[in-house]
Amino acid sequence: MGAGHAHRLYLPGASPVHRLPPQCKLVAVLVFVLAVVATPRERIWAFAGYALLLAAVAAVARVPYGLVLRRTLIELPFVAFALLMPFVASGERISWLGLSVSEAGLWGAWNILAKGTLGVVASILLAATTEPRLLLLGVERLRMPQLIVQIAAFMLRYADVVTGELRRMRIARASRGFEARDLRDAGVLARSLGALFLRSYERGERVHLAMVSRGYDGRMPAPQDVGATAVQWTAAAALPVAAALIATAAWITP
């Protein structure tokens with residue numbers, strides 16, 4: 001879990017949100033998402049309140065709103081599914097914008113879009129203000145099993161390596177005049193994937209032998225301490241506490 005290079009999702013900065021320990025931010029985001037999910041879908045004002053909370057976090061963290069909006073495009077497949085629900089769902093039909101749609105489908109689409117988008121934005125802000133290696137240290141501090149943490153660390157470290165290997169293989173094929181046009185070329189692509197798997201497996205064996213030769217005993221050394229003070233936990237609790245208050249108000253108000 002060495003430093004390495006910064007991940008493309010991380011936005012370097014020195015804001016108060018950046019300086020919070022990763023485990024504090026992980027717990028804060030988890031509680032926030034749980035509060036959002038538990039909110040009745042009919043309380044539209046509550047979701048507006050959640051959006052304002054995330055906008056405040058982005059402002060404190062100095063994460064540009066445009067950047068957050070661009071990264072929310074990752075949820076487009078879910079948006080497409082939600083937009084179909086009013087037309088395919090059963091139940092009472094109503095007229096909306098000149099179209100006959102299902103009322104239950106409209107509420108279902110709103111429920112997916114509102115809660116899904118808020119969860120995605122919260123995750124985007126977490127990724128933009130926390131380096132991936134620190135996130136791994138944070139989940140380790142939260143008592144995540146060591147084996148899972150190490151697997152995630154190696155996936156993070158070698159995903160770019162394997163992707164680079166795949167890119168070089170594609171360039172090598174192109175330099176020899178190969179261009180995939182239809183299913184008849186599937187055999188060549190399948191052999192390329194098989195070769196990539198073998199290369200990745202052999203690389204993993206070499207890395208493991210190198211680690212064992214350097215004294216690896218099943219635990220990775222922590223490069224830095226990510227302990228959290230009571231003040232930091234209190235600061236991180238601002239978002240989930242505010243979200244919990246909104247969720248509570250949404251349930252007790254008509």
# chains A, B, ... in the order shown; residues from 1 in each chain; ligands from 1
>>> residues_around(residues="range 197-206 of chain A", least_positions_apart="3", cutoff="10 Å", atoms="only C-alpha atoms", output="short mmCIF file (atom, residue, chain, number, x, y, z; two decimals) with all heavy atoms, in the first residue's frame")
data_model
loop_
_atom_site.label_atom_id
_atom_site.label_comp_id
_atom_site.auth_asym_id
_atom_site.auth_seq_id
_atom_site.Cartn_x
_atom_site.Cartn_y
_atom_site.Cartn_z
N PHE A 154 -3.64 -4.89 -3.82
CA PHE A 154 -2.97 -5.39 -5.02
C PHE A 154 -3.79 -5.10 -6.27
O PHE A 154 -3.23 -4.82 -7.33
CB PHE A 154 -2.69 -6.88 -4.89
CG PHE A 154 -1.53 -7.20 -4.00
CD1 PHE A 154 -1.70 -7.87 -2.80
CD2 PHE A 154 -0.25 -6.79 -4.35
CE1 PHE A 154 -0.63 -8.15 -1.98
CE2 PHE A 154 0.83 -7.05 -3.53
CZ PHE A 154 0.65 -7.74 -2.34
N TYR A 158 -2.06 -2.99 -9.25
CA TYR A 158 -1.72 -3.65 -10.51
C TYR A 158 -2.80 -3.51 -11.59
O TYR A 158 -2.61 -4.03 -12.70
CB TYR A 158 -1.41 -5.13 -10.27
CG TYR A 158 -0.07 -5.30 -9.60
CD1 TYR A 158 0.02 -5.52 -8.23
CD2 TYR A 158 1.11 -5.19 -10.32
CE1 TYR A 158 1.25 -5.64 -7.60
CE2 TYR A 158 2.34 -5.31 -9.70
CZ TYR A 158 2.40 -5.54 -8.34
OH TYR A 158 3.63 -5.65 -7.73
N VAL A 161 -1.15 -1.64 -14.25
CA VAL A 161 -0.12 -2.45 -14.89
C VAL A 161 -0.73 -3.39 -15.92
O VAL A 161 -0.26 -3.51 -17.06
CB VAL A 161 0.67 -3.24 -13.83
CG1 VAL A 161 1.69 -4.17 -14.51
CG2 VAL A 161 1.39 -2.30 -12.88
N VAL A 162 -1.82 -4.06 -15.53
CA VAL A 162 -2.48 -4.99 -16.46
C VAL A 162 -3.11 -4.23 -17.62
O VAL A 162 -3.06 -4.67 -18.77
CB VAL A 162 -3.54 -5.82 -15.70
CG1 VAL A 162 -4.33 -6.71 -16.65
CG2 VAL A 162 -2.88 -6.68 -14.63
N GLU A 165 -0.42 -3.44 -20.04
CA GLU A 165 -0.04 -4.64 -20.79
C GLU A 165 -1.05 -4.90 -21.91
O GLU A 165 -0.67 -5.22 -23.04
CB GLU A 165 0.00 -5.84 -19.85
CG GLU A 165 0.57 -7.10 -20.48
CD GLU A 165 2.08 -7.04 -20.62
OE1 GLU A 165 2.73 -6.38 -19.80
OE2 GLU A 165 2.59 -7.66 -21.56
N ARG A 191 -7.43 -15.40 -27.81
CA ARG A 191 -6.04 -15.80 -27.54
C ARG A 191 -5.27 -14.66 -26.85
O ARG A 191 -4.41 -14.93 -26.00
CB ARG A 191 -5.36 -16.21 -28.84
CG ARG A 191 -5.84 -17.56 -29.37
CD ARG A 191 -4.94 -18.05 -30.49
NE ARG A 191 -5.06 -17.22 -31.69
CZ ARG A 191 -5.95 -17.42 -32.65
NH1 ARG A 191 -6.83 -18.42 -32.54
NH2 ARG A 191 -6.00 -16.64 -33.70
N SER A 192 -5.59 -13.43 -27.20
CA SER A 192 -4.93 -12.29 -26.55
C SER A 192 -5.31 -12.22 -25.07
O SER A 192 -4.46 -11.98 -24.21
CB SER A 192 -5.34 -10.98 -27.24
OG SER A 192 -4.90 -10.96 -28.59
N LEU A 193 -6.58 -12.46 -24.78
CA LEU A 193 -7.01 -12.46 -23.38
C LEU A 193 -6.35 -13.61 -22.61
O LEU A 193 -5.98 -13.45 -21.45
CB LEU A 193 -8.53 -12.56 -23.30
CG LEU A 193 -9.31 -11.32 -23.75
CD1 LEU A 193 -10.81 -11.59 -23.70
CD2 LEU A 193 -8.96 -10.12 -22.90
N GLY A 194 -6.23 -14.77 -23.27
CA GLY A 194 -5.55 -15.89 -22.61
C GLY A 194 -4.10 -15.57 -22.31
O GLY A 194 -3.59 -15.88 -21.23
N LEU A 209 6.95 -14.12 -4.79
CA LEU A 209 8.28 -14.60 -4.42
C LEU A 209 9.17 -13.45 -3.94
O LEU A 209 9.93 -13.60 -2.98
CB LEU A 209 8.93 -15.32 -5.61
CG LEU A 209 8.31 -16.67 -5.99
CD1 LEU A 209 8.96 -17.21 -7.26
CD2 LEU A 209 8.45 -17.67 -4.85
N ALA A 210 9.05 -12.31 -4.61
CA ALA A 210 9.84 -11.15 -4.20
C ALA A 210 9.43 -10.69 -2.80
O ALA A 210 10.28 -10.31 -1.99
CB ALA A 210 9.67 -10.02 -5.21
N MET A 211 8.14 -10.72 -2.51
CA MET A 211 7.66 -10.31 -1.19
C MET A 211 8.15 -11.27 -0.11
O MET A 211 8.60 -10.84 0.96
CB MET A 211 6.14 -10.23 -1.18
CG MET A 211 5.56 -9.11 -2.04
SD MET A 211 3.77 -9.24 -2.24
CE MET A 211 3.23 -9.20 -0.54
N VAL A 212 8.05 -12.58 -0.39
CA VAL A 212 8.49 -13.57 0.59
C VAL A 212 9.99 -13.43 0.86
O VAL A 212 10.45 -13.53 2.01
CB VAL A 212 8.15 -14.99 0.10
CG1 VAL A 212 8.80 -16.04 0.99
CG2 VAL A 212 6.64 -15.19 0.06
#
>>> residues_around(residues="Phe87 in chain A", least_positions_apart="6", cutoff="8 Å", atoms="only C-alpha atoms", output="ChimeraX atom specification")
/A:100-102,105
>>> closest_residue(among="A:Pro16, A:Pro132, A:Pro77, A:Gly49", to="Arg62 in chain A", atoms="only C-alpha atoms")
A:Pro16
>>> closest_residue(among="A:Ala114, A:Leu76, A:Cys24, A:Ala230", to="Thr39 in chain A", atoms="only C-alpha atoms")
A:Ala114
>>> closest_residue(among="A:Val57, A:Ala174, A:Asp217, A:Arg168", to="Lys25 in chain A", atoms="only C-alpha atoms")
A:Val57
>>> residues_around(residues="Ala89 in chain A", least_positions_apart="3", cutoff="12 Å", atoms="only C-alpha atoms", output="PyMOL selection string")
chain A and resi 81-86+92-93+100-109
>>> write_last_selection(atoms="N, CA and C atoms", output="PDB file, in the first residue's frame")
ATOM      1  N   PHE A  81     -32.728   3.225 -17.015  1.00  0.00           N
ATOM      2  CA  PHE A  81     -33.684   2.257 -16.454  1.00  0.00           C
ATOM      3  C   PHE A  81     -34.803   2.966 -15.711  1.00  0.00           C
ATOM      4  N   ALA A  82     -34.447   3.995 -14.927  1.00  0.00           N
ATOM      5  CA  ALA A  82     -35.460   4.714 -14.166  1.00  0.00           C
ATOM      6  C   ALA A  82     -36.451   5.428 -15.076  1.00  0.00           C
ATOM      7  N   LEU A  83     -35.962   5.976 -16.179  1.00  0.00           N
ATOM      8  CA  LEU A  83     -36.851   6.697 -17.088  1.00  0.00           C
ATOM      9  C   LEU A  83     -37.846   5.770 -17.776  1.00  0.00           C
ATOM     10  N   LEU A  84     -37.539   4.495 -17.848  1.00  0.00           N
ATOM     11  CA  LEU A  84     -38.461   3.532 -18.462  1.00  0.00           C
ATOM     12  C   LEU A  84     -39.552   3.078 -17.502  1.00  0.00           C
ATOM     13  N   MET A  85     -39.306   3.204 -16.201  1.00  0.00           N
ATOM     14  CA  MET A  85     -40.242   2.660 -15.213  1.00  0.00           C
ATOM     15  C   MET A  85     -41.660   3.230 -15.329  1.00  0.00           C
ATOM     16  N   PRO A  86     -41.840   4.539 -15.518  1.00  0.00           N
ATOM     17  CA  PRO A  86     -43.221   5.042 -15.611  1.00  0.00           C
ATOM     18  C   PRO A  86     -44.011   4.439 -16.768  1.00  0.00           C
ATOM     19  N   GLU A  92     -52.150   2.297 -11.279  1.00  0.00           N
ATOM     20  CA  GLU A  92     -53.012   3.383 -11.773  1.00  0.00           C
ATOM     21  C   GLU A  92     -52.245   4.266 -12.752  1.00  0.00           C
ATOM     22  N   ARG A  93     -52.903   4.585 -13.869  1.00  0.00           N
ATOM     23  CA  ARG A  93     -52.279   5.417 -14.895  1.00  0.00           C
ATOM     24  C   ARG A  93     -52.727   6.867 -14.719  1.00  0.00           C
ATOM     25  N   SER A 100     -49.442   8.936 -20.938  1.00  0.00           N
ATOM     26  CA  SER A 100     -50.083   8.070 -19.949  1.00  0.00           C
ATOM     27  C   SER A 100     -49.006   7.232 -19.280  1.00  0.00           C
ATOM     28  N   VAL A 101     -48.799   7.468 -18.001  1.00  0.00           N
ATOM     29  CA  VAL A 101     -47.731   6.780 -17.269  1.00  0.00           C
ATOM     30  C   VAL A 101     -48.293   6.211 -15.982  1.00  0.00           C
ATOM     31  N   SER A 102     -47.544   5.291 -15.392  1.00  0.00           N
ATOM     32  CA  SER A 102     -47.925   4.680 -14.127  1.00  0.00           C
ATOM     33  C   SER A 102     -47.507   5.591 -12.972  1.00  0.00           C
ATOM     34  N   GLU A 103     -48.435   5.852 -12.071  1.00  0.00           N
ATOM     35  CA  GLU A 103     -48.108   6.689 -10.915  1.00  0.00           C
ATOM     36  C   GLU A 103     -47.058   6.019 -10.042  1.00  0.00           C
ATOM     37  N   ALA A 104     -47.224   4.697  -9.825  1.00  0.00           N
ATOM     38  CA  ALA A 104     -46.224   3.975  -9.034  1.00  0.00           C
ATOM     39  C   ALA A 104     -44.874   3.974  -9.743  1.00  0.00           C
ATOM     40  N   GLY A 105     -44.902   3.898 -11.072  1.00  0.00           N
ATOM     41  CA  GLY A 105     -43.651   3.944 -11.821  1.00  0.00           C
ATOM     42  C   GLY A 105     -42.951   5.278 -11.704  1.00  0.00           C
ATOM     43  N   LEU A 106     -43.735   6.371 -11.672  1.00  0.00           N
ATOM     44  CA  LEU A 106     -43.135   7.699 -11.502  1.00  0.00           C
ATOM     45  C   LEU A 106     -42.435   7.812 -10.153  1.00  0.00           C
ATOM     46  N   TRP A 107     -43.118   7.344  -9.100  1.00  0.00           N
ATOM     47  CA  TRP A 107     -42.499   7.395  -7.777  1.00  0.00           C
ATOM     48  C   TRP A 107     -41.272   6.484  -7.712  1.00  0.00           C
ATOM     49  N   GLY A 108     -41.363   5.323  -8.357  1.00  0.00           N
ATOM     50  CA  GLY A 108     -40.213   4.427  -8.376  1.00  0.00           C
ATOM     51  C   GLY A 108     -39.026   5.038  -9.093  1.00  0.00           C
ATOM     52  N   ALA A 109     -39.296   5.704 -10.228  1.00  0.00           N
ATOM     53  CA  ALA A 109     -38.210   6.358 -10.969  1.00  0.00           C
ATOM     54  C   ALA A 109     -37.579   7.472 -10.135  1.00  0.00           C
TER      55      ALA A 109
END
>>> select_by_dssp(residues="range 6-253 of chain A", states="strand (DSSP E)", output="number ranges by chain")
A: 93-96, 99-102
>>> write_last_selection(atoms="C-alpha atoms", output="JSON list (two decimals), in the first residue's frame")
[["chain", "number", "residue", "atom", "x", "y", "z"],
["A", 93, "ARG", "CA", -52.28, 5.42, -14.89],
["A", 94, "ILE", "CA", -52.13, 9.20, -14.86],
["A", 95, "SER", "CA", -51.49, 11.85, -17.49],
["A", 96, "TRP", "CA", -48.07, 13.48, -17.21],
["A", 99, "LEU", "CA", -48.28, 10.91, -21.71],
["A", 100, "SER", "CA", -50.08, 8.07, -19.95],
["A", 101, "VAL", "CA", -47.73, 6.78, -17.27],
["A", 102, "SER", "CA", -47.93, 4.68, -14.13]]
>>> closest_residue(among="A:Ala236, A:Leu156, A:Leu53, A:Leu113", to="Glu131 in chain A", atoms="only C-alpha atoms")
A:Leu156
>>> residues_around(residues="Tyr10 in chain A", least_positions_apart="6", cutoff="7 Å", atoms="only C-alpha atoms", output="number ranges by chain")
A: 127-131
>>> atom_distance(atom1="CA of Gly13 in chain A", atom2="CA of Ala244 in chain A")
28.1 Å
>>> closest_residue(among="A:Val207, A:Ala172, A:Val120, A:Ala237", to="Leu26 in chain A", atoms="only C-alpha atoms")
A:Ala237
>>> closest_residue(among="A:Ile112, A:Ala243, A:Ala14, A:Ala190", to="Val79 in chain A", atoms="only C-alpha atoms")
A:Ile112
>>> atom_distance(atom1="CA of Ala58 in chain A", atom2="CA of Val17 in chain A")
8.9 Å
